[in-house]
Amino acid sequence: MRQLILLILLVLPSVGKAFVVSDLSGRQVTFEQPPKNIILSEGRMMYLVMALQPQSPGHNIRALADDLAKADRDTWQKLTELYPSFVNKPIVASPSTGQFDVEQAFSLNADLVIFSLNYRDSLQQSETLNRLDALAIPYLFVDYRHDLSNNLLPSMHILGQVLGQQTQAQKFSNFVQKQLNIVEQRLAEHNHKQPLVLLERAAGINGPVCCRVFGQANFGAFAETAGAENWGSRKTSGVSVDLNPETLLVEDFDVIIATTGNWSHKKQSISPPLGYSAQQSQVDSGMQALVQRTGWPQMPVVKNKQVYVMWHQFYNHPGYFAAIQVMAKWMHPSLFTDLDPQQVWQEYHQQFMPFQSSGIFWSQLP
């Protein structure tokens with residue numbers, strides 16, 4: 001009897017214990033128990049979920065949008081090979097389409113919907129949030145794309161609470177902050193020239209069409225953290241801007257970095273297919289195609305082979321610190337001779353991913 005009472009006392013605190021989560025919009029949401037039927041309004045939120053529960057990333061994910069499968073086929077293939085059940089999970093419409101279906105969420109018995117903070121206003125205007133409130137379906141706002149430097153770690157702690165993975169969230173935060181500190185402290189301790197960098201967004205995805213460049217957010221912020229001046233920040237305070245190709249040809253860039261991915265399913269793509277299935281010969285061929293676009297062979301930066309490619313999905317990936325480390329090493333090689341981003345990227349996979357790293361995620365013009 002005494003043993004039974006002790007067992008009850010051990011179990012009771014973890015059963016039905018309510019907890020409160022504050023999201024990035026400042027809302028406080030009370031949960032009577034950890035959610036078991038979570039809807040990811042964007043499929044690439046799985047990057048965050050995998051980092052928090054790499055041993056069982058999908059057991060509490062009820063449905064998700066299809067952008068992971070469409071935009072990052074390599075990760076989707078890796079994930080579904082390990083967890084085939086993802087193929088059969090219901091698909092929801094992303095808020096980016098303006099078609100998020102509250103009734104579908106209700107029919108799926110959703111006990112949490114996770115949204116990106118940048119869609120808050122549009123979700124309010126469309127009455128989506130009011131309808132979720134009316135049906136008593138909790139929702140939270142996180143940010144894994146717009147302002148990673150300020151919002152990623154708080155977002156991971158929010159998800160750590162609702163997934164019951166607070167310890168893993170803290171482990172993740174410690175790892176990421178350590179990797180960022182290596183770059184930031186080294187640059188702060190040494191005088192360094194800020195090279196002028198052109199960041200082309202999704203280069204080659206629409207064939208030889210050029211150019212969309214990153215502004216102050218996403219990769220633009222990454223480059224500045226890595227000790228560069230982002231040329232696109234002069235053109236827009238937003239995420240990116242489309243520019244006439246001739247605009248680039250009169251600039252004296254020190255470095256060009258293009259974000260690319262495995263978009264081989266798009267017939268018009270000439271993009272180097274970076275990702276988990278990338279082969280060096282294919283990446284080299286794609287880079288040659290990029291620098292053969294009109295006017296590019298004459299650019300001094302191309303002649304000097306200071307042209308690089310970086311995996312596009314780093315812009316909304318919790319492993320974004322690897323992109324910053326790589327860029328810092330490209331632009332300040334003498335300061336970072338001891339830094340091995342490839343090893344760090346492998347360590348990240350060992351600790352925070354359900355599968356090991358493979359393929360190629362960055363490269364230089366051969």
# chains A, B, ... in the order shown; residues from 1 in each chain; ligands from 1
>>> select_by_dssp(residues="segment 62-307 of chain A", states="alpha helix (DSSP H)", output="PyMOL selection string")
chain A and resi 67-71+73-82+102-107+120-125+128-134+148-163+166-189+219-225+245-249+280-291+300-303
>>> closest_residue(among="A:Tyr320, A:Tyr308, A:Tyr83, A:Phe172", to="Phe352 of chain A", atoms="only C-alpha atoms")
A:Phe172
>>> select_by_dssp(residues="segment 263-362 of chain A", states="strand (DSSP E)", output="PyMOL selection string")
chain A and resi 307-311+362
>>> write_last_selection(atoms="N, CA and C atoms", output="mmCIF file, in the first residue's frame")
data_model
loop_
_atom_site.group_PDB
_atom_site.id
_atom_site.type_symbol
_atom_site.label_atom_id
_atom_site.label_comp_id
_atom_site.auth_asym_id
_atom_site.auth_seq_id
_atom_site.Cartn_x
_atom_site.Cartn_y
_atom_site.Cartn_z
ATOM 1 N N VAL A 307 33.182 34.079 -55.891
ATOM 2 C CA VAL A 307 31.753 33.793 -56.043
ATOM 3 C C VAL A 307 31.455 32.495 -55.290
ATOM 4 N N TYR A 308 30.421 32.532 -54.468
ATOM 5 C CA TYR A 308 30.098 31.402 -53.607
ATOM 6 C C TYR A 308 28.592 31.110 -53.682
ATOM 7 N N VAL A 309 28.229 29.897 -53.298
ATOM 8 C CA VAL A 309 26.812 29.544 -53.179
ATOM 9 C C VAL A 309 26.563 28.988 -51.783
ATOM 10 N N MET A 310 25.358 29.245 -51.309
ATOM 11 C CA MET A 310 24.959 28.849 -49.957
ATOM 12 C C MET A 310 23.549 28.274 -50.022
ATOM 13 N N TRP A 311 23.311 27.224 -49.240
ATOM 14 C CA TRP A 311 21.997 26.587 -49.184
ATOM 15 C C TRP A 311 20.921 27.597 -48.813
ATOM 16 N N TRP A 362 27.360 24.416 -49.097
ATOM 17 C CA TRP A 362 28.002 25.655 -49.552
ATOM 18 C C TRP A 362 29.188 25.262 -50.424
#
>>> closest_atom_pairs(of="segment 133-220 of chain A", to="segment 280-289 of chain A", cutoff="10 Å", atoms="only C-alpha atoms", output="CSV")
residue,atom,partner,partner_atom,distance
A:Ala203,CA,A:Met287,CA,9.8
A:Gly204,CA,A:Gly286,CA,8.5
A:Gly207,CA,A:Ala289,CA,9.4
A:Pro208,CA,A:Ala289,CA,8.2
>>> closest_residue(among="A:Gln279, A:Ala322, A:Leu365, A:Gly295", to="Thr247 of chain A", atoms="only C-alpha atoms")
A:Gly295
>>> residues_around(residues="segment 98-106 of chain A", least_positions_apart="4", cutoff="12 Å", atoms="only C-alpha atoms", output="PyMOL selection string")
chain A and resi 37-42+62-65+90-94+110-115+119-139
>>> residues_around(residues="Glu246 of chain A", least_positions_apart="5", cutoff="10 Å", atoms="only C-alpha atoms", output="mmCIF file with N, CA and C atoms, in the first residue's frame")
data_model
loop_
_atom_site.group_PDB
_atom_site.id
_atom_site.type_symbol
_atom_site.label_atom_id
_atom_site.label_comp_id
_atom_site.auth_asym_id
_atom_site.auth_seq_id
_atom_site.Cartn_x
_atom_site.Cartn_y
_atom_site.Cartn_z
ATOM 1 N N CYS A 210 17.869 37.324 -63.735
ATOM 2 C CA CYS A 210 18.624 37.945 -62.634
ATOM 3 C C CYS A 210 18.095 39.381 -62.492
ATOM 4 N N CYS A 211 17.922 39.924 -61.322
ATOM 5 C CA CYS A 211 18.458 39.466 -60.060
ATOM 6 C C CYS A 211 17.525 39.902 -58.933
ATOM 7 N N GLU A 251 28.855 47.863 -60.282
ATOM 8 C CA GLU A 251 29.328 47.855 -58.896
ATOM 9 C C GLU A 251 30.630 47.059 -58.780
ATOM 10 N N THR A 294 24.392 36.948 -68.653
ATOM 11 C CA THR A 294 24.783 38.142 -69.391
ATOM 12 C C THR A 294 25.528 39.152 -68.514
ATOM 13 N N GLY A 295 26.732 39.498 -68.922
ATOM 14 C CA GLY A 295 27.540 40.493 -68.239
ATOM 15 C C GLY A 295 28.394 39.956 -67.110
ATOM 16 N N TRP A 296 28.068 38.799 -66.567
ATOM 17 C CA TRP A 296 28.783 38.286 -65.410
ATOM 18 C C TRP A 296 30.246 37.919 -65.702
#
>>> atom_distance(atom1="atom CA of Glu229 of chain A", atom2="atom CA of Pro366 of chain A")
24.2 Å
>>> atom_distance(atom1="atom CA of Gln168 of chain A", atom2="atom CA of Val142 of chain A")
17.4 Å
>>> closest_residue(among="A:Gln351, A:Asn244, A:Gln77, A:Ser85", to="Ala169 of chain A", atoms="only C-alpha atoms")
A:Gln351
>>> closest_residue(among="A:Asn262, A:Gln28, A:Ser149, A:Gln325", to="Gly359 of chain A", atoms="only C-alpha atoms")
A:Asn262
>>> closest_residue(among="A:Gln179, A:Ser334, A:Gln306, A:Gln53", to="Asn191 of chain A", atoms="only C-alpha atoms")
A:Ser334
>>> atom_distance(atom1="atom CA of Phe31 of chain A", atom2="atom CA of Leu108 of chain A")
18.0 Å
>>> residues_around(residues="segment 234-239 of chain A", least_positions_apart="2", cutoff="6 Å", atoms="only C-alpha atoms", output="PyMOL selection string")
chain A and resi 214-217+231-232
>>> closest_residue(among="A:Gly26, A:Gly227, A:Pro95, A:Pro354", to="Gly43 of chain A", atoms="only C-alpha atoms")
A:Pro95
>>> decode(residues="segment 332-346 of chain A", atoms="all heavy atoms", output="PDB file, in the first residue's frame")
ATOM      1  N   HIS A 332      36.789  36.695 -44.195  1.00  0.00           N
ATOM      2  CA  HIS A 332      37.908  37.021 -43.299  1.00  0.00           C
ATOM      3  C   HIS A 332      38.731  35.760 -43.032  1.00  0.00           C
ATOM      4  O   HIS A 332      38.821  35.301 -41.884  1.00  0.00           O
ATOM      5  CB  HIS A 332      37.388  37.614 -41.992  1.00  0.00           C
ATOM      6  CG  HIS A 332      36.497  38.799 -42.169  1.00  0.00           C
ATOM      7  ND1 HIS A 332      36.978  40.053 -42.507  1.00  0.00           N
ATOM      8  CD2 HIS A 332      35.143  38.916 -42.088  1.00  0.00           C
ATOM      9  CE1 HIS A 332      35.956  40.895 -42.599  1.00  0.00           C
ATOM     10  NE2 HIS A 332      34.836  40.230 -42.354  1.00  0.00           N
ATOM     11  N   PRO A 333      39.310  35.182 -44.069  1.00  0.00           N
ATOM     12  CA  PRO A 333      39.986  33.886 -43.902  1.00  0.00           C
ATOM     13  C   PRO A 333      41.106  33.895 -42.873  1.00  0.00           C
ATOM     14  O   PRO A 333      41.298  32.903 -42.164  1.00  0.00           O
ATOM     15  CB  PRO A 333      40.511  33.579 -45.307  1.00  0.00           C
ATOM     16  CG  PRO A 333      40.533  34.897 -46.016  1.00  0.00           C
ATOM     17  CD  PRO A 333      39.404  35.677 -45.451  1.00  0.00           C
ATOM     18  N   SER A 334      41.819  35.000 -42.768  1.00  0.00           N
ATOM     19  CA  SER A 334      42.946  35.031 -41.830  1.00  0.00           C
ATOM     20  C   SER A 334      42.494  35.043 -40.373  1.00  0.00           C
ATOM     21  O   SER A 334      43.249  34.641 -39.481  1.00  0.00           O
ATOM     22  CB  SER A 334      43.834  36.249 -42.105  1.00  0.00           C
ATOM     23  OG  SER A 334      43.111  37.453 -41.890  1.00  0.00           O
ATOM     24  N   LEU A 335      41.262  35.494 -40.119  1.00  0.00           N
ATOM     25  CA  LEU A 335      40.746  35.537 -38.749  1.00  0.00           C
ATOM     26  C   LEU A 335      40.153  34.214 -38.289  1.00  0.00           C
ATOM     27  O   LEU A 335      40.002  33.972 -37.083  1.00  0.00           O
ATOM     28  CB  LEU A 335      39.667  36.628 -38.620  1.00  0.00           C
ATOM     29  CG  LEU A 335      40.104  38.087 -38.694  1.00  0.00           C
ATOM     30  CD1 LEU A 335      38.906  39.001 -38.462  1.00  0.00           C
ATOM     31  CD2 LEU A 335      41.184  38.380 -37.656  1.00  0.00           C
ATOM     32  N   PHE A 336      39.807  33.371 -39.246  1.00  0.00           N
ATOM     33  CA  PHE A 336      39.058  32.160 -38.895  1.00  0.00           C
ATOM     34  C   PHE A 336      39.717  30.893 -39.431  1.00  0.00           C
ATOM     35  O   PHE A 336      39.036  29.959 -39.854  1.00  0.00           O
ATOM     36  CB  PHE A 336      37.618  32.276 -39.403  1.00  0.00           C
ATOM     37  CG  PHE A 336      36.827  33.372 -38.752  1.00  0.00           C
ATOM     38  CD1 PHE A 336      36.661  34.599 -39.396  1.00  0.00           C
ATOM     39  CD2 PHE A 336      36.269  33.205 -37.497  1.00  0.00           C
ATOM     40  CE1 PHE A 336      35.941  35.622 -38.797  1.00  0.00           C
ATOM     41  CE2 PHE A 336      35.555  34.223 -36.886  1.00  0.00           C
ATOM     42  CZ  PHE A 336      35.387  35.435 -37.534  1.00  0.00           C
ATOM     43  N   THR A 337      41.034  30.857 -39.405  1.00  0.00           N
ATOM     44  CA  THR A 337      41.742  29.686 -39.914  1.00  0.00           C
ATOM     45  C   THR A 337      41.418  28.435 -39.102  1.00  0.00           C
ATOM     46  O   THR A 337      41.454  27.313 -39.621  1.00  0.00           O
ATOM     47  CB  THR A 337      43.262  29.919 -39.886  1.00  0.00           C
ATOM     48  OG1 THR A 337      43.650  30.287 -38.550  1.00  0.00           O
ATOM     49  CG2 THR A 337      43.664  31.029 -40.856  1.00  0.00           C
ATOM     50  N   ASP A 338      41.093  28.608 -37.822  1.00  0.00           N
ATOM     51  CA  ASP A 338      40.833  27.459 -36.956  1.00  0.00           C
ATOM     52  C   ASP A 338      39.358  27.051 -36.939  1.00  0.00           C
ATOM     53  O   ASP A 338      38.994  26.068 -36.281  1.00  0.00           O
ATOM     54  CB  ASP A 338      41.270  27.785 -35.528  1.00  0.00           C
ATOM     55  CG  ASP A 338      40.534  28.999 -34.959  1.00  0.00           C
ATOM     56  OD1 ASP A 338      40.164  29.898 -35.753  1.00  0.00           O
ATOM     57  OD2 ASP A 338      40.330  29.049 -33.731  1.00  0.00           O
ATOM     58  N   LEU A 339      38.522  27.782 -37.627  1.00  0.00           N
ATOM     59  CA  LEU A 339      37.079  27.508 -37.604  1.00  0.00           C
ATOM     60  C   LEU A 339      36.726  26.472 -38.667  1.00  0.00           C
ATOM     61  O   LEU A 339      37.096  26.615 -39.832  1.00  0.00           O
ATOM     62  CB  LEU A 339      36.297  28.801 -37.841  1.00  0.00           C
ATOM     63  CG  LEU A 339      34.766  28.722 -37.743  1.00  0.00           C
ATOM     64  CD1 LEU A 339      34.333  28.255 -36.361  1.00  0.00           C
ATOM     65  CD2 LEU A 339      34.151  30.087 -38.062  1.00  0.00           C
ATOM     66  N   ASP A 340      35.988  25.452 -38.277  1.00  0.00           N
ATOM     67  CA  ASP A 340      35.595  24.371 -39.192  1.00  0.00           C
ATOM     68  C   ASP A 340      34.075  24.261 -39.217  1.00  0.00           C
ATOM     69  O   ASP A 340      33.480  23.447 -38.491  1.00  0.00           O
ATOM     70  CB  ASP A 340      36.216  23.052 -38.752  1.00  0.00           C
ATOM     71  CG  ASP A 340      35.995  21.922 -39.762  1.00  0.00           C
ATOM     72  OD1 ASP A 340      35.244  22.129 -40.739  1.00  0.00           O
ATOM     73  OD2 ASP A 340      36.582  20.838 -39.563  1.00  0.00           O
ATOM     74  N   PRO A 341      33.394  25.078 -40.038  1.00  0.00           N
ATOM     75  CA  PRO A 341      31.935  25.047 -40.070  1.00  0.00           C
ATOM     76  C   PRO A 341      31.367  23.687 -40.469  1.00  0.00           C
ATOM     77  O   PRO A 341      30.285  23.317 -40.005  1.00  0.00           O
ATOM     78  CB  PRO A 341      31.590  26.114 -41.125  1.00  0.00           C
ATOM     79  CG  PRO A 341      32.773  27.020 -41.156  1.00  0.00           C
ATOM     80  CD  PRO A 341      33.949  26.129 -40.909  1.00  0.00           C
ATOM     81  N   GLN A 342      32.084  22.946 -41.307  1.00  0.00           N
ATOM     82  CA  GLN A 342      31.591  21.631 -41.710  1.00  0.00           C
ATOM     83  C   GLN A 342      31.493  20.697 -40.508  1.00  0.00           C
ATOM     84  O   GLN A 342      30.514  19.956 -40.350  1.00  0.00           O
ATOM     85  CB  GLN A 342      32.507  21.026 -42.773  1.00  0.00           C
ATOM     86  CG  GLN A 342      32.027  19.688 -43.336  1.00  0.00           C
ATOM     87  CD  GLN A 342      30.699  19.807 -44.050  1.00  0.00           C
ATOM     88  OE1 GLN A 342      30.497  20.694 -44.884  1.00  0.00           O
ATOM     89  NE2 GLN A 342      29.762  18.903 -43.748  1.00  0.00           N
ATOM     90  N   GLN A 343      32.489  20.738 -39.655  1.00  0.00           N
ATOM     91  CA  GLN A 343      32.464  19.916 -38.450  1.00  0.00           C
ATOM     92  C   GLN A 343      31.341  20.356 -37.516  1.00  0.00           C
ATOM     93  O   GLN A 343      30.641  19.530 -36.920  1.00  0.00           O
ATOM     94  CB  GLN A 343      33.813  20.005 -37.731  1.00  0.00           C
ATOM     95  CG  GLN A 343      33.883  19.211 -36.424  1.00  0.00           C
ATOM     96  CD  GLN A 343      33.670  17.720 -36.621  1.00  0.00           C
ATOM     97  OE1 GLN A 343      34.113  17.159 -37.630  1.00  0.00           O
ATOM     98  NE2 GLN A 343      32.992  17.081 -35.675  1.00  0.00           N
ATOM     99  N   VAL A 344      31.155  21.667 -37.406  1.00  0.00           N
ATOM    100  CA  VAL A 344      30.078  22.187 -36.558  1.00  0.00           C
ATOM    101  C   VAL A 344      28.715  21.761 -37.093  1.00  0.00           C
ATOM    102  O   VAL A 344      27.821  21.372 -36.327  1.00  0.00           O
ATOM    103  CB  VAL A 344      30.175  23.723 -36.472  1.00  0.00           C
ATOM    104  CG1 VAL A 344      28.961  24.309 -35.747  1.00  0.00           C
ATOM    105  CG2 VAL A 344      31.451  24.141 -35.758  1.00  0.00           C
ATOM    106  N   TRP A 345      28.553  21.812 -38.409  1.00  0.00           N
ATOM    107  CA  TRP A 345      27.290  21.393 -39.053  1.00  0.00           C
ATOM    108  C   TRP A 345      27.027  19.917 -38.788  1.00  0.00           C
ATOM    109  O   TRP A 345      25.887  19.507 -38.536  1.00  0.00           O
ATOM    110  CB  TRP A 345      27.385  21.685 -40.539  1.00  0.00           C
ATOM    111  CG  TRP A 345      26.179  21.417 -41.386  1.00  0.00           C
ATOM    112  CD1 TRP A 345      26.129  20.653 -42.511  1.00  0.00           C
ATOM    113  CD2 TRP A 345      24.853  21.944 -41.241  1.00  0.00           C
ATOM    114  NE1 TRP A 345      24.873  20.658 -43.066  1.00  0.00           N
ATOM    115  CE2 TRP A 345      24.068  21.454 -42.293  1.00  0.00           C
ATOM    116  CE3 TRP A 345      24.260  22.795 -40.299  1.00  0.00           C
ATOM    117  CZ2 TRP A 345      22.724  21.759 -42.451  1.00  0.00           C
ATOM    118  CZ3 TRP A 345      22.904  23.105 -40.445  1.00  0.00           C
ATOM    119  CH2 TRP A 345      22.156  22.592 -41.510  1.00  0.00           C
ATOM    120  N   GLN A 346      28.069  19.092 -38.804  1.00  0.00           N
ATOM    121  CA  GLN A 346      27.909  17.670 -38.498  1.00  0.00           C
ATOM    122  C   GLN A 346      27.539  17.465 -37.034  1.00  0.00           C
ATOM    123  O   GLN A 346      26.694  16.617 -36.710  1.00  0.00           O
ATOM    124  CB  GLN A 346      29.185  16.922 -38.850  1.00  0.00           C
ATOM    125  CG  GLN A 346      29.450  16.839 -40.348  1.00  0.00           C
ATOM    126  CD  GLN A 346      30.803  16.242 -40.691  1.00  0.00           C
ATOM    127  OE1 GLN A 346      31.601  15.937 -39.808  1.00  0.00           O
ATOM    128  NE2 GLN A 346      31.060  16.057 -41.982  1.00  0.00           N
TER     129      GLN A 346
END
